[in-house]
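Novice: Take a look at the following structure, please.
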Amino acid sequence: MLIKSNNDNSPCSVEIKLLDEITIDTNKWLNYEIELKVNQETYNFRSQNKTATTALGTTAEIGKFAFAISPHNELESIKTQLKQFLASNHKSFRFEPYDPSFELIIQRSEIEDEFKVYFWIDAGNTTGLEYSWDGMGIRFVTDHDALRL
């Protein structure tokens with residue numbers, strides 16, 4: 001998934017690159033990495049394969065970037081929901097995966113065929129065993145055609 005700004009003077013984009021599929025117990029997950037571009041700067045976020053100890057003394061994996069594929073398919077869900085949003089008059093669209101490593105928010109602008117895109121990385125869940133406020137983000141303006149792609 002790639003969403004680009006429509007501003008040539010200040011190009012920005014967010015891209016989610018799909019990687020390998022893994023099975024844990026009976027659940028299937030699809031690993032991914034995130035790439036944020038702001039002008040000439042590029043920021044990459046990938047799984048870290050780390051573990052941490054919970055308050056109960058058990059060990060848990062952290063730093064994962066993975067979509068649920070089965071029993072619920074998050075990729076199909078985001079695709080369907082985004083198509084429905086673009087075909088509707090709803091003011092905004094929001095998506096956050098089950099394993100909350102990012103949040104995507106798209107809002108209709110006051111200008112026709114213009115959308116504001118907000119993409120926030122949840123730094124707490126990707127670096128420690130905690131859910132926290134978003135740690136880093138990107139926001140830009142794009143259009144209907146860019147979102148449909």
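Residues in the structure tokens are numbered from 1 in each chain, the chains being A, B, ... in the order shown, and ligands are numbered from 1 in the order shown.
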At a cut-off of 10 Å, can you tabulate as CSV every residue of range 16-80 of chain A near range 84-103 of chain A together with its closest atom pair and the distance in Å to one decimal, using only C-alpha atoms and ordering rows by chain then number?
Specialist:
```
residue,atom,partner,partner_atom,distance
A:Ile34,CA,A:Phe102,CA,9.2
A:Phe45,CA,A:Ser101,CA,9.8
A:Ile62,CA,A:Asp99,CA,9.8
A:Gly63,CA,A:Ser101,CA,8.2
A:Lys64,CA,A:Ser101,CA,7.7
A:Phe65,CA,A:Ser101,CA,6.4
A:Ala66,CA,A:Asp99,CA,7.0
A:Phe67,CA,A:Pro97,CA,6.5
A:Ala68,CA,A:Tyr98,CA,7.0
A:His72,CA,A:Tyr98,CA,9.9
A:Glu74,CA,A:Pro97,CA,7.1
A:Leu75,CA,A:Pro97,CA,9.4
A:Ser77,CA,A:Phe95,CA,9.4
A:Ile78,CA,A:Phe95,CA,7.0
A:Lys79,CA,A:Gln84,CA,8.7
A:Thr80,CA,A:Gln84,CA,6.2
```
Novice: Skip range 7-12 of chain A itself and residues of its chain fewer than 5 positions away, then list as a PyMOL selection string all residues within 12 Å of it, counting only C-alpha atoms.
Specialist: chain A and resi 2+35-43+114+117-119+137-143+146
Novice: One decimal, in Å: what's the spacing between CA of His144 in chain A and CA of Leu18 in chain A?
Specialist: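 Going from CA of His144 in chain A over to CA of Leu18 in chain A covers 23.0 Å.
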Novice: Counting only C-alpha atoms, figure out which residue out of A:Thr59, A:Ser109, A:Ser47, A:Thr53 gets nearest to Leu30 in chain A.
Specialist: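 Closest to Leu30 in chain A, using only C-alpha atoms: A:Ser47.
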Novice: DSSP says helix (DSSP H, G or I) for which residues of chain A? Put them as a PyMOL selection string?
Specialist: chain A and resi 74-87+123-127+144-148
Novice: Save out the residues we just selected, C-alpha atoms, as a PDB file, in the first residue's frame.
Specialist:
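New file part.pdb:
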```pdb
ATOM      1  CA  GLU A  74      -7.072  -7.323   8.079  1.00  0.00           C
ATOM      2  CA  LEU A  75      -5.814  -6.680   4.539  1.00  0.00           C
ATOM      3  CA  GLU A  76      -9.205  -7.492   3.043  1.00  0.00           C
ATOM      4  CA  SER A  77     -10.852  -5.443   5.773  1.00  0.00           C
ATOM      5  CA  ILE A  78      -8.812  -2.284   5.138  1.00  0.00           C
ATOM      6  CA  LYS A  79      -9.293  -2.658   1.369  1.00  0.00           C
ATOM      7  CA  THR A  80     -13.081  -3.033   1.684  1.00  0.00           C
ATOM      8  CA  GLN A  81     -13.442  -0.269   4.263  1.00  0.00           C
ATOM      9  CA  LEU A  82     -11.337   2.170   2.235  1.00  0.00           C
ATOM     10  CA  LYS A  83     -13.382   1.486  -0.934  1.00  0.00           C
ATOM     11  CA  GLN A  84     -16.592   2.064   1.035  1.00  0.00           C
ATOM     12  CA  PHE A  85     -15.215   5.307   2.458  1.00  0.00           C
ATOM     13  CA  LEU A  86     -14.222   6.639  -0.966  1.00  0.00           C
ATOM     14  CA  ALA A  87     -17.673   5.786  -2.371  1.00  0.00           C
ATOM     15  CA  ALA A 123       6.440   3.716  19.325  1.00  0.00           C
ATOM     16  CA  GLY A 124       5.567   2.111  22.671  1.00  0.00           C
ATOM     17  CA  ASN A 125       4.274  -1.148  21.246  1.00  0.00           C
ATOM     18  CA  THR A 126       7.188  -1.484  18.859  1.00  0.00           C
ATOM     19  CA  THR A 127       9.988  -0.792  21.363  1.00  0.00           C
ATOM     20  CA  HIS A 144      -9.064  10.478  -4.608  1.00  0.00           C
ATOM     21  CA  ASP A 145      -7.014   8.824  -7.352  1.00  0.00           C
ATOM     22  CA  ALA A 146      -3.989   8.373  -5.091  1.00  0.00           C
ATOM     23  CA  LEU A 147      -6.129   6.758  -2.402  1.00  0.00           C
ATOM     24  CA  ARG A 148      -7.921   4.503  -4.864  1.00  0.00           C
TER      25      ARG A 148
END
```
Novice: Out of A:Val14, A:Leu19, A:Ile105, A:Leu56, which residue has the shortest atom-to-atom distance to Glu33 in chain A when counting only C-alpha atoms?
Specialist: A:Leu19
Novice: Restricting the calculation to only C-alpha atoms: of A:Asn73, A:Leu104, A:Asp20, A:Asp113, which residue gets closest to Met1 in chain A?
Specialist: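 Result for the nearest residue to Met1 in chain A: A:Leu104.
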Novice: Could you give me, as a ChimeraX atom specification, each residue of chain A that DSSP assigns to strand (DSSP E or B) when run on this structure's backbone?
Specialist: /A:2-4,12-24,27-38,41-45,50-53,59-62,66-70,92-95,102-108,115-121,136-142
